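Undergrad: Questions regarding the structure given below will be posed in turn.
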Amino acid sequence: MSTMVTDPAVTTVRCYYEILGIPLDADVAAIKKAHRQQARLLHPDKNIDADTTDDFRLVQQAYECLSDSQERQWYDDHRTAILKGWTGSDNTSGDGDASNYLFDVTPFMMASCYSGYNDKDEKGFYRVYARVFCHLQKEEHDHYSSSSGAADNDQSFRSLPTDFGTSQSTWEEVSAFYAAWEGFSTSLNFAWADEYDTTQAHHRRMRRAMQDENQKKRRAARKARNDEVAALVRFVKRRDPRVQKRKQVVEQERLKKEHEQKLAQVERKHQAKLAREEWRASAEFEQAAAEQADLLAGRIRLADLDDDYDYGGGKKGKKKKNKGRKQQQVLTDSDEEPEQTEEAIGDEAVNQATEATEDPTDGSHEPIGADETVTSSVSQQQDAEIVDDELGDAEDSFESDDEESEPETWRCECCRKDFKSEGQLENHFQSKKHKAAFKKWRSNKILPVAV
């Protein structure tokens with residue numbers, strides 16, 4: 001039984017390679033170049049006087065077929081038969097030939113099987129392929145429901161959509177239709193593809209060998225049928241205006257999304273820049289406010305001081321450690337000078353006594369007796385003791401100040417300077433200026449020697 005669809009008219013067939021003027025082994029670059037040349041030469045806009053619309057359409061069909069690797073492979077396998085006018089329905093080789101059982105999709109793998117995309121045209125794209133997919137679904141259902149097919153078939157039947165739709169169909173409907181047919185798997189058992197008749201086997205081993213070979217033939221025929229229908233679906237989907245329109249929409253959405261992402265990225269960078277500038281301005285303001293507060297509080301920086309010593313101390317942890325050192329230094333400085341004073345006074349007294357003894361004939365002076373010499377020495381010793389008492393009082397005043405609570409300011413009496421911390425005062429005691437001032441102050445405190 002033959003169930004071929006012969007609605008689309010098959011016109012005189014020309015070789016696609018001949019239309020583009022390229023050899024059979026032409027590469028993709030040569031096909032593109034030839035297509036551009038022929039399209040430029042036969043475009044209707046450049047041939048107003050001559051009608052080149054049909055020729056231009058053939059050039060487009062040839063390029064669409066040869067530019068796709070899978071369609072070109074199929075065309076190369078069937079090119080000789082197609083050029084001879086073969087449509088798949090002329091093969092009557094015998095009962096075992098698939099053309100007697102299957103719907104042939106070969107005629108519908110060429111763009112010449114339809115004309116235009118008018119919904120109401122019987123030879124239009126939508127009407128032609130609507131009948132093709134209906135026939136394929138009916139064939140699967142009829143063969144699977146037959147007694148021979150249902151008993152021996154190990155493939156489950158799958159109902160596929162047959163409404164191909166029109167140019168007004170929604171993308172959801174179109175997408176669902178192609179998704180179903182792209183997963184096509186035939187449910188036929190392909191018993192007509194058997195090579196051996198197992199009833200003619202002489203023994204069981206031969207029958208099993210025949211069954212194995214027949215199963216190989218059936219699997220090969222089933223695979224060929226699935227590939228054939230899949231190629232048809234790809235061919236139709238590639239030329240469907242609804243799919244092309246959807247691709248354009250998706251591409252526009254992608255470009256729009258990329259543009260929005262770029263704008264968002266630019267905005268994020270701008271906001272980050274503003275945040276950095278705001279943070280920098282805030283930090284500078286806080287730093288300026290802190291410096292102003294330090295100035296108002298009377299804090300002294302090391303760079304503003306005349307001396308080379310560190311006057312920024314004042315840590316309470318060092319007070320007790322440096323307290324004994326300060327007292328020892330004061331006592332040492334105060335003890336050295338009185339000893340030198342006593343020695344100077346004693347030497348001066350001895351010299352006066354000696355001069356008086358050695359020059360008794362001097363008329364301007366009276367001889368000094370031993371009692372007067374002793375009295376002078378005693379008075380000098382008393383004056384030295386008075387100086388020691390005053391120095392001791394100064395030392396006691398330093399000790400009493402340390403024992404009392406810490407004052408708000410620390411003052412150096414000999415230098416007449418005030419300091420904000422004890423550490424500053426201790427560092428001041430170590431300076432050369434203080435030592436010189438202290439010696440001068442101490443010498444002024446010594447009483448003059450009475451002669």
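Residue names in the structure tokens use chain letters A, B, ... in the order shown, residue numbers from 1 in each chain, and ligand numbers from 1 in the order shown.
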Write down as a ChimeraX atom specification the residues belonging to region 11-214 of chain A that are assigned helix (DSSP H, G or I) by DSSP computed on the backbone.

TA: /A:16-20,28-42,44-46,53-66,69-83,98-100,106-109,111-113,125-145,147-152,171-182,191-193,198-200,204-214

Undergrad: Write a file of the selected residues as a short mmCIF file (atom, residue, chain, number, x, y, z; two decimals), in the first residue's frame, keeping C-alpha atoms.

TA:
```cif
data_model
loop_
_atom_site.label_atom_id
_atom_site.label_comp_id
_atom_site.auth_asym_id
_atom_site.auth_seq_id
_atom_site.Cartn_x
_atom_site.Cartn_y
_atom_site.Cartn_z
CA TYR A 16 22.05 23.36 -6.69
CA TYR A 17 25.74 23.28 -7.52
CA GLU A 18 24.93 24.27 -11.10
CA ILE A 19 22.71 27.14 -9.96
CA LEU A 20 25.52 28.63 -7.86
CA VAL A 28 31.86 27.00 2.70
CA ALA A 29 33.79 30.13 1.67
CA ALA A 30 33.33 29.35 -2.03
CA ILE A 31 29.59 28.76 -1.49
CA LYS A 32 29.18 32.12 0.27
CA LYS A 33 31.14 33.95 -2.41
CA ALA A 34 29.14 32.38 -5.24
CA HIS A 35 25.87 33.17 -3.48
CA ARG A 36 26.78 36.84 -3.12
CA GLN A 37 27.71 37.09 -6.77
CA GLN A 38 24.56 35.38 -8.06
CA ALA A 39 22.29 37.29 -5.66
CA ARG A 40 23.82 40.60 -6.75
CA LEU A 41 23.40 39.63 -10.41
CA LEU A 42 19.82 38.29 -10.22
CA PRO A 44 14.88 41.86 -8.79
CA ASP A 45 15.72 45.44 -7.79
CA LYS A 46 18.63 45.47 -10.22
CA THR A 53 12.36 36.54 -9.30
CA ASP A 54 12.26 32.77 -9.89
CA ASP A 55 15.97 32.58 -10.58
CA PHE A 56 16.74 34.62 -7.48
CA ARG A 57 14.52 32.29 -5.40
CA LEU A 58 16.41 29.24 -6.73
CA VAL A 59 19.71 30.88 -5.76
CA GLN A 60 18.40 31.41 -2.23
CA GLN A 61 17.17 27.80 -2.00
CA ALA A 62 20.49 26.44 -3.22
CA TYR A 63 22.43 28.52 -0.70
CA GLU A 64 20.17 27.53 2.20
CA CYS A 65 20.64 23.86 1.38
CA LEU A 66 24.39 23.83 0.68
CA SER A 69 26.25 20.68 6.55
CA GLN A 70 23.48 18.17 7.34
CA GLU A 71 21.20 19.25 4.48
CA ARG A 72 24.14 19.26 2.09
CA GLN A 73 25.04 15.71 3.12
CA TRP A 74 21.48 14.54 2.48
CA TYR A 75 21.35 16.37 -0.87
CA ASP A 76 24.64 14.83 -1.97
CA ASP A 77 23.34 11.32 -1.13
CA HIS A 78 20.13 11.81 -3.15
CA ARG A 79 21.33 14.29 -5.81
CA THR A 80 21.42 11.83 -8.70
CA ALA A 81 17.91 10.54 -7.99
CA ILE A 82 16.54 14.04 -7.49
CA LEU A 83 17.96 15.24 -10.82
CA ALA A 98 10.00 0.68 2.56
CA SER A 99 8.26 2.89 0.01
CA ASN A 100 5.31 0.45 0.06
CA THR A 106 11.93 13.24 0.56
CA PRO A 107 9.84 15.55 -1.66
CA PHE A 108 9.31 17.88 1.28
CA MET A 109 13.00 18.32 1.97
CA ALA A 111 12.03 24.44 -0.84
CA SER A 112 10.24 23.90 -4.16
CA CYS A 113 7.51 21.86 -2.44
CA PHE A 125 4.21 26.75 3.69
CA TYR A 126 1.72 26.26 6.51
CA ARG A 127 -0.86 24.17 4.58
CA VAL A 128 1.70 21.83 2.97
CA TYR A 129 3.57 20.94 6.17
CA ALA A 130 0.36 20.70 8.15
CA ARG A 131 -0.67 17.82 5.87
CA VAL A 132 2.82 16.25 6.09
CA PHE A 133 2.87 16.06 9.89
CA CYS A 134 -0.73 14.84 10.01
CA HIS A 135 0.13 12.02 7.66
CA LEU A 136 3.19 11.02 9.71
CA GLN A 137 1.16 10.86 12.91
CA LYS A 138 -1.62 8.85 11.23
CA GLU A 139 0.91 6.40 9.85
CA GLU A 140 2.40 5.79 13.29
CA HIS A 141 -1.02 5.26 14.83
CA ASP A 142 -2.34 2.92 12.12
CA HIS A 143 0.72 0.65 12.04
CA TYR A 144 0.97 0.44 15.80
CA SER A 145 -2.73 -0.44 16.14
CA SER A 147 -2.34 -6.76 14.91
CA SER A 148 1.07 -7.47 13.47
CA GLY A 149 2.51 -4.18 14.66
CA ALA A 150 1.15 -4.27 18.19
CA ALA A 151 2.12 -7.89 18.83
CA ASP A 152 5.73 -7.70 17.76
CA TRP A 171 5.35 31.20 20.18
CA GLU A 172 4.28 28.86 22.99
CA GLU A 173 2.29 26.78 20.53
CA VAL A 174 5.06 26.78 17.91
CA SER A 175 7.71 25.92 20.49
CA ALA A 176 5.65 23.03 21.90
CA PHE A 177 5.06 21.64 18.39
CA TYR A 178 8.74 21.58 17.43
CA ALA A 179 9.82 20.30 20.84
CA ALA A 180 7.53 17.29 20.45
CA TRP A 181 8.61 16.45 16.90
CA GLU A 182 12.32 16.98 17.55
CA ALA A 191 9.02 -6.31 10.00
CA TRP A 192 9.18 -5.70 6.24
CA ALA A 193 12.92 -5.02 6.62
CA THR A 198 12.77 -17.79 9.96
CA THR A 199 10.18 -20.44 9.02
CA GLN A 200 12.64 -21.79 6.49
CA ARG A 204 17.08 -23.94 16.03
CA ARG A 205 20.60 -22.58 15.74
CA MET A 206 19.94 -21.39 12.20
CA ARG A 207 16.64 -19.80 13.25
CA ARG A 208 18.37 -17.84 16.04
CA ALA A 209 21.02 -16.64 13.62
CA MET A 210 18.31 -15.48 11.19
CA GLN A 211 16.49 -13.66 13.99
CA ASP A 212 19.66 -11.86 15.00
CA GLU A 213 20.27 -10.65 11.45
CA ASN A 214 16.66 -9.58 11.09
#
```

Undergrad: To one decimal place in Å, what is the distance between CA of Glu408 (chain A) and CA of Asn427 (chain A)?

TA: 17.4 Å

Undergrad: Rank A:Arg242, A:Lys223, A:Arg218, A:Lys420 by their smallest atom-to-atom distance to Tyr117 (chain A), using only C-alpha atoms, and report the top residue only.

TA: A:Arg242

Undergrad: Determine the nearest neighbour of Leu102 (chain A) from the options A:Leu160, A:Leu188, A:Ile22, A:Ala275, counting only C-alpha atoms.

TA: A:Leu188

Undergrad: Between A:Met110, A:Asp418, A:Asp27, A:Val249, which residue has the minimum interatomic distance to Arg14 (chain A), considering only C-alpha atoms?

TA: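 Once distances to Arg14 (chain A) are computed over only C-alpha atoms, the minimum belongs to A:Met110.
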
Undergrad: Record the distance separating CA of Leu232 (chain A) and CA of Asp68 (chain A), expressed in Å with one decimal.

TA: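 Separating CA of Leu232 (chain A) from CA of Asp68 (chain A) is a distance of 13.3 Å.
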